[in-house]
Structure formats: structure tokens, C-alpha cells
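All remarks here apply to the structure that follows.
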Amino acid sequence: MQPEQLFGMALGIVSPWEVKEITFSKESNRLDIYIDFQKGTQFPCPVCGKLSPVHDTTEKEWRHLNFFQYEAYLKARVPRVICPDSDCGVKQVSVPWARSGSGFTLLFEALVMTMARDMPVNVIARLLTVNDKRLWRIITAYVDAARSQEDFSQVSHIGIDETSVRKGHKYVSFFFDLARRKLLFGTEGKDHATISRFVSDLQTHGGKPEQITDAAIDMSKAFIKGIQEQLPNAVITFDKFHLIKLMNDALAKVRAEEAREFPEFLKKSRYLFLKNPEDLRPEEQERLDSMIPSQCYKSIEAYIHKLNLQNVYFAQSREEATGLLHQWHKRAVSSALAIIQKMAKTVKEHWDGILSHFDNRLTTGFLEGINSLIQSAKARARGYRNPQNMITMAYLIAGKLSFNRKCHQPT
Ligand SMILES: [Zn+2]
């Protein structure tokens with residue numbers, strides 16, 4: 001067996017294709033693998049499948065996986081066939097080692113897709129010595145192909161969350177299927193038009209807006225308006241995750257303000273107030289306890305409001321929850337802290353939506369988990385310049401997409 005044949009086997013190149021020659025350049029760090037088809041080969045017409053003779057060929061090159069430090073390239077002349085059926089005309093055939101239109105082999109792309117779940121794209125780009133824009137094109141092509149096969153006909157419970165692309169930059173809204181615990185759709189913006197775009201994507205995938213019975217959202221007016229207009233049968237729930245996030249933000253503001261007054265006690269203490277009390281280590285609990293005699297009253301008060309609000313969610317029924325929320329509201333509204341009063345007002349304005357959590361028990365807990373996956377991808381990437389890239393990455397991480405063979409088929 002010739003080394004060329006060995007290479008052909010290793011690459012999975014089968015008849016009528018064969019490896020003709022391999023050249024190796026130490027100076028340019030390149031390995032070039034020349035592939036050709038056997039003389040006289042007829043290929044199936046890409047339109048109708050009839051075996052057709054070759055009309056002409058074009059030279060093409062595909063980047064392959066590196067062999068150690070050497071960049072490897074596959075090179076071949078790709079035939080266009082002329083179909084006996086004159087309606088089909090002259091068409092380029094697809095090659096078995098690459099997606100049509102791609103400058104990379106399927107193996108190279110598979111490696112990129114695997115790495116992209118855990119590594120920032122710019123790091124992969126450096127490792128593989130490829131421009132990151134080209135990598136984003138690969139990832140987007142696979143994600144789009146996989147999404148085009150998605151079936152949303154059973155979707156009835158949704159959750160919506162928004163996040164910034166980079167700190168202080170544009171926003172992206174994500175729509176989740178709460179039953180299947182996966183990302184359905186991401187779109188730029190956080191206004192009510194995002195709901196229209198979701199509805200049209202839902203319909204593209206066989207879903208029906210009338211079938212949406214429950215929507216868990218944060219208290220944004222835009223989302224409320226969009227849902228009332230576009231999802232007529234959806235009961236709105238302001239979910240626990242978003243309410244506690246809002247309460248934590250209020251607490252953080254109180255603490256940050258007071259930290260200026262008592263830096264010795266409150267400096268770098270933000271995490272103490274965010275932790276669940278049962279998770280506090282003894283020394284952390286001690287530190288929190290020491291804040292009371294040290295007159296960090298405001299932070300402690302805000303912290304107690306937060307714990308009491310969390311406690312509402314331990315209620316076993318809507319009735320019990322209503323009682324607990326009333327108690328919470330009574331204390332919060334009479335607080336001397338303006339930020340807490342504001343929080344009380346927000347809760348009052350969204351009263352029914354908060355309590356409907358206890359009717360339908362939407363399982364939104366996983367939203368927090370998915371959100372943190374997306375946030376850590378964002379942190380690894382140091383934010384995204386392009387909102388569309390962030391959405392693509394979120395589909396890859398949280399879309400539970402299936403990347404089957406169909407995704408590779410020429411389009
Ligand atoms: Zn044909």
C-alpha cells in the first residue's frame with residue numbers, strides 16, 4: 001500500500017475519490033493533500049439524482065485538522081455535471097468531506113463545534129490559526145441548520161429573560177420552553193417588538209401563539225404589553241428568579257451606599273448578602289452578625305426584607321403565600337429606606353402576577369441555571385461585540401439542538 005492510500009483510508013476518502021499526492025513544506029508549515037476522482041466517473045445529478053457525465057471542474061481547497069504544527073489542506077478539482085435531463089442543467093456536485101460552500105472539511109468543523117461549547121471563539125481562532133469571523137460563520141451555519149429542524153408545536157409554557165451583550169451595551173431577549181427546559185429563541189432588544197419576533201419564529205417552527213398558556217417574565221412593561229397583544233391566552237407570572245434578582249439589586253444599592261459610611265464593615269461584603277443563609281460559613285455568619293452592633297442598620301434591614309421575600313416562596317398554597325406577601329409588604333412599605341419602599345411599590349403593582357406562581361407552579365428555577373451558563377460564556381468571551389454571535393452561542397449552549405447528518409447536507 002502506498003502512503004497516499006493510507007492517507008485516503010485515514011481521511012475516509014472512498015471511491016470514486018482517491019488521494020493522489022501529498023506534499024509537505026517545512027518552510028510554510030503546510031501539508032497539502034491532493035484528491036481526485038477516477039477518470040470517466042459519472043456523478044449523480046444534484047437535482048434529480050440521475051448519473052451524469054462531468055462537464056467541467058473547478059479547483060478548490062479546504063482547511064483540514066492540523067497535523068501537529070502543520071496546517072493541512074485538502075485540494076481537489078470539483079466537477080460540475082451535465083444531467084441527461086436538460087431541465088436540470090449544469091450543476092456542481094457535493095464532495096463527501098465538506099459542506100457545500102464551506103472552505104473547511106467536516107472534521108475540522110466538527111472540532112470547531114465541539115470546542116465552541118466550552119471555549120471562547122477568539123481562543124479557538126488562535127489555536128487553529130483561523131480568523132474568528134470564519135469560525136462564527138461555521139457555528140452559525142450549523143446552528144441555523146439544526147434550528148431549521150426544530151419543532152415547537154408542543155410549546156405552551158414560556159419564560160423570557162433579557163441580558164446585555166456587553167456591560168452597558170445592547171440587550172438581547174431570550175425565550176425559553178419551560179417544559180423542555182431549553183432556549184427557543186433569542187433576539188436583539190428588550191421592547192415589546194421582541195414578542196412579535198418570537199411569535200413569528202414560533203409559527204415558523206409549527207407552534208401556535210394561542211397555545212401559549214403561561215408566560216414567566218420579569219416586570220418589564222414592554223414584555224407585559226407584548227404578551228397581552230400577541231399571546232392572548234397566556235397568564236403572566238412574574239417569576240421568583242426575576243423578583244429575587246430585583247430584590248438583590250435593591251439590597252446591593254442599600255449596601256453600596258452604606259459602605260461609604262462604614263467601609264470597615266461593609267467593604268467587599270456584597271456576596272455575604274447574596275448567599276443563602278444556610279450556605280454561610282461560620283466566619284461569614286459572624287461577620288454578618290457583627291454588622292448589627294456596628295450600626296450597619298440599613299444593610300441589615302434590606303437583608304431581612306430580602307430573606308422574608310424569599311421566604312414567601314416556601315408557602316405551600318397561594319393562600320399562605322398571599323398572607324406572607326402581605327406581611328412582607330406591610331413592613332417594606334413602612335421602611336425608612338426609599339429603595340425598599342420602591343421595591344414594595346413594585347411588588348404591589350405586580351401582585352397577581354407574583355402570586356400566580358403558586359397556581360401554575362412554573363418551574364423557572366432552571367432559568368437561573370441557563371442564565372448563568374450564558375453569562376459565563378459571555379464572561380469567557382469578555383462580552384460579545386455582535387449580539388447575533390451571543391444569540392448563536394446561547395443556542396449552542398442552551399438550545400438542546402441536534403446536530404445530525406442533515407445539517408451537513410449541501411443546501
Ligand atoms: Zn438531473
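Residues in the C-alpha cells are named by chain (A, B, ... in the order shown) and by number from 1 within that chain; ligands are numbered from 1 in the order shown.
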At most 9 Å is the cut-off: for each residue in chain A with any atom that close to an atom of ligand 1, write down the nearest atom pair and the distance in Å rounded to one decimal, counting only C-alpha atoms and all ligand atoms, chain first then increasing number, as JSON lines.
```
{"residue": "A:Pro44", "atom": "CA", "partner": "ligand 1", "partner_atom_place_in_ligand_line": "1 (Zn)", "distance": 7.7}
{"residue": "A:Cys45", "atom": "CA", "partner": "ligand 1", "partner_atom_place_in_ligand_line": "1 (Zn)", "distance": 4.6}
{"residue": "A:Pro46", "atom": "CA", "partner": "ligand 1", "partner_atom_place_in_ligand_line": "1 (Zn)", "distance": 6.6}
{"residue": "A:Val47", "atom": "CA", "partner": "ligand 1", "partner_atom_place_in_ligand_line": "1 (Zn)", "distance": 4.9}
{"residue": "A:Cys48", "atom": "CA", "partner": "ligand 1", "partner_atom_place_in_ligand_line": "1 (Zn)", "distance": 4.0}
{"residue": "A:Gly49", "atom": "CA", "partner": "ligand 1", "partner_atom_place_in_ligand_line": "1 (Zn)", "distance": 5.9}
{"residue": "A:Lys50", "atom": "CA", "partner": "ligand 1", "partner_atom_place_in_ligand_line": "1 (Zn)", "distance": 5.6}
{"residue": "A:Leu51", "atom": "CA", "partner": "ligand 1", "partner_atom_place_in_ligand_line": "1 (Zn)", "distance": 8.0}
{"residue": "A:Ser52", "atom": "CA", "partner": "ligand 1", "partner_atom_place_in_ligand_line": "1 (Zn)", "distance": 7.6}
{"residue": "A:Val81", "atom": "CA", "partner": "ligand 1", "partner_atom_place_in_ligand_line": "1 (Zn)", "distance": 8.9}
{"residue": "A:Ile82", "atom": "CA", "partner": "ligand 1", "partner_atom_place_in_ligand_line": "1 (Zn)", "distance": 7.8}
{"residue": "A:Cys83", "atom": "CA", "partner": "ligand 1", "partner_atom_place_in_ligand_line": "1 (Zn)", "distance": 4.6}
{"residue": "A:Pro84", "atom": "CA", "partner": "ligand 1", "partner_atom_place_in_ligand_line": "1 (Zn)", "distance": 6.7}
{"residue": "A:Asp85", "atom": "CA", "partner": "ligand 1", "partner_atom_place_in_ligand_line": "1 (Zn)", "distance": 5.3}
{"residue": "A:Ser86", "atom": "CA", "partner": "ligand 1", "partner_atom_place_in_ligand_line": "1 (Zn)", "distance": 7.4}
{"residue": "A:Asp87", "atom": "CA", "partner": "ligand 1", "partner_atom_place_in_ligand_line": "1 (Zn)", "distance": 7.1}
{"residue": "A:Cys88", "atom": "CA", "partner": "ligand 1", "partner_atom_place_in_ligand_line": "1 (Zn)", "distance": 4.5}
{"residue": "A:Gly89", "atom": "CA", "partner": "ligand 1", "partner_atom_place_in_ligand_line": "1 (Zn)", "distance": 7.1}
{"residue": "A:Val90", "atom": "CA", "partner": "ligand 1", "partner_atom_place_in_ligand_line": "1 (Zn)", "distance": 8.6}
{"residue": "A:Lys91", "atom": "CA", "partner": "ligand 1", "partner_atom_place_in_ligand_line": "1 (Zn)", "distance": 8.5}
```
DSSP on the backbone: what in region 225-294 of chain A comes out strand (DSSP E or B), as a VMD selection string?
-> chain A and resid 235 to 238
Backbone DSSP call of alpha helix (DSSP H) for region 35-213 of chain A, listed as JSON, numbers by chain | {"A": [106, 107, 108, 109, 110, 111, 112, 113, 114, 115, 116, 121, 122, 123, 124, 125, 126, 127, 128, 132, 133, 134, 135, 136, 137, 138, 139, 140, 141, 142, 143, 144, 145, 146, 147, 148, 193, 194, 195, 196, 197, 198, 199, 200, 201, 202, 203, 204]}
Tell me, as a PyMOL selection string, which residues lie within 9 Å of Lys26 (chain A), counting only C-alpha atoms; anything in the same chain fewer than 4 positions away does not count.
-> chain A and resi 30-31+70
Write out as a list in words each polymer residue whose atoms come within 8 Å of Ser173 (chain A), counting only C-alpha atoms; drop sequence neighbours fewer than 3 positions from it.
->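 So, after excluding close chain neighbours, the residues are Ile160, Asp161, Glu162, Thr163, Gly186, Thr187, Glu188, Gly189, Lys190 and Thr194 of chain A.
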Residues just named, written with N, CA and C atoms as a PDB file, in the first residue's frame:
```pdb
ATOM      1  N   ILE A 160     -39.254  34.349  29.672  1.00  0.00           N
ATOM      2  CA  ILE A 160     -38.463  35.325  28.915  1.00  0.00           C
ATOM      3  C   ILE A 160     -37.452  35.971  29.845  1.00  0.00           C
ATOM      4  N   ASP A 161     -36.264  36.168  29.317  1.00  0.00           N
ATOM      5  CA  ASP A 161     -35.221  36.812  30.114  1.00  0.00           C
ATOM      6  C   ASP A 161     -34.418  37.730  29.199  1.00  0.00           C
ATOM      7  N   GLU A 162     -33.909  38.803  29.760  1.00  0.00           N
ATOM      8  CA  GLU A 162     -33.106  39.706  28.935  1.00  0.00           C
ATOM      9  C   GLU A 162     -31.729  39.853  29.559  1.00  0.00           C
ATOM     10  N   THR A 163     -30.748  40.130  28.715  1.00  0.00           N
ATOM     11  CA  THR A 163     -29.392  40.320  29.234  1.00  0.00           C
ATOM     12  C   THR A 163     -28.641  41.249  28.291  1.00  0.00           C
ATOM     13  N   GLY A 186     -33.798  33.668  20.480  1.00  0.00           N
ATOM     14  CA  GLY A 186     -33.123  34.849  21.002  1.00  0.00           C
ATOM     15  C   GLY A 186     -33.217  35.957  19.976  1.00  0.00           C
ATOM     16  N   THR A 187     -33.356  37.193  20.453  1.00  0.00           N
ATOM     17  CA  THR A 187     -33.473  38.311  19.511  1.00  0.00           C
ATOM     18  C   THR A 187     -32.941  39.582  20.153  1.00  0.00           C
ATOM     19  N   GLU A 188     -32.469  40.500  19.329  1.00  0.00           N
ATOM     20  CA  GLU A 188     -31.954  41.759  19.852  1.00  0.00           C
ATOM     21  C   GLU A 188     -33.079  42.603  20.418  1.00  0.00           C
ATOM     22  N   GLY A 189     -32.739  43.396  21.440  1.00  0.00           N
ATOM     23  CA  GLY A 189     -33.700  44.328  22.012  1.00  0.00           C
ATOM     24  C   GLY A 189     -34.389  43.772  23.236  1.00  0.00           C
ATOM     25  N   LYS A 190     -35.137  44.644  23.931  1.00  0.00           N
ATOM     26  CA  LYS A 190     -35.944  44.195  25.073  1.00  0.00           C
ATOM     27  C   LYS A 190     -37.278  44.941  25.084  1.00  0.00           C
ATOM     28  N   THR A 194     -39.968  42.443  20.493  1.00  0.00           N
ATOM     29  CA  THR A 194     -39.281  41.155  20.605  1.00  0.00           C
ATOM     30  C   THR A 194     -40.317  40.022  20.660  1.00  0.00           C
TER      31      THR A 194
END
```
Write out as number ranges by chain each polymer residue whose atoms come within 8 Å of region 299-307 of chain A, counting only C-alpha atoms; drop sequence neighbours fewer than 5 positions from it.
-> A: 244, 247-248, 250-251, 254-255, 258, 273, 291-292, 328, 332, 340
Could the residues in this selection be saved with C-alpha atoms as a PDB file, in the first residue's frame?
```pdb
ATOM      1  CA  ILE A 244     -35.405  37.921  43.840  1.00  0.00           C
ATOM      2  CA  MET A 247     -34.695  42.473  45.457  1.00  0.00           C
ATOM      3  CA  ASN A 248     -30.982  41.648  45.385  1.00  0.00           C
ATOM      4  CA  ALA A 250     -32.212  46.873  45.772  1.00  0.00           C
ATOM      5  CA  LEU A 251     -30.209  45.315  48.607  1.00  0.00           C
ATOM      6  CA  VAL A 254     -28.517  49.999  50.028  1.00  0.00           C
ATOM      7  CA  ARG A 255     -25.306  48.187  50.934  1.00  0.00           C
ATOM      8  CA  GLU A 258     -23.885  52.408  53.432  1.00  0.00           C
ATOM      9  CA  PHE A 273     -25.832  39.330  51.443  1.00  0.00           C
ATOM     10  CA  MET A 291     -22.736  44.371  61.478  1.00  0.00           C
ATOM     11  CA  ILE A 292     -25.683  44.814  63.841  1.00  0.00           C
ATOM     12  CA  TRP A 328     -43.693  41.449  53.764  1.00  0.00           C
ATOM     13  CA  ALA A 332     -41.389  47.095  53.437  1.00  0.00           C
ATOM     14  CA  ILE A 340     -37.136  49.381  49.889  1.00  0.00           C
TER      15      ILE A 340
END
```
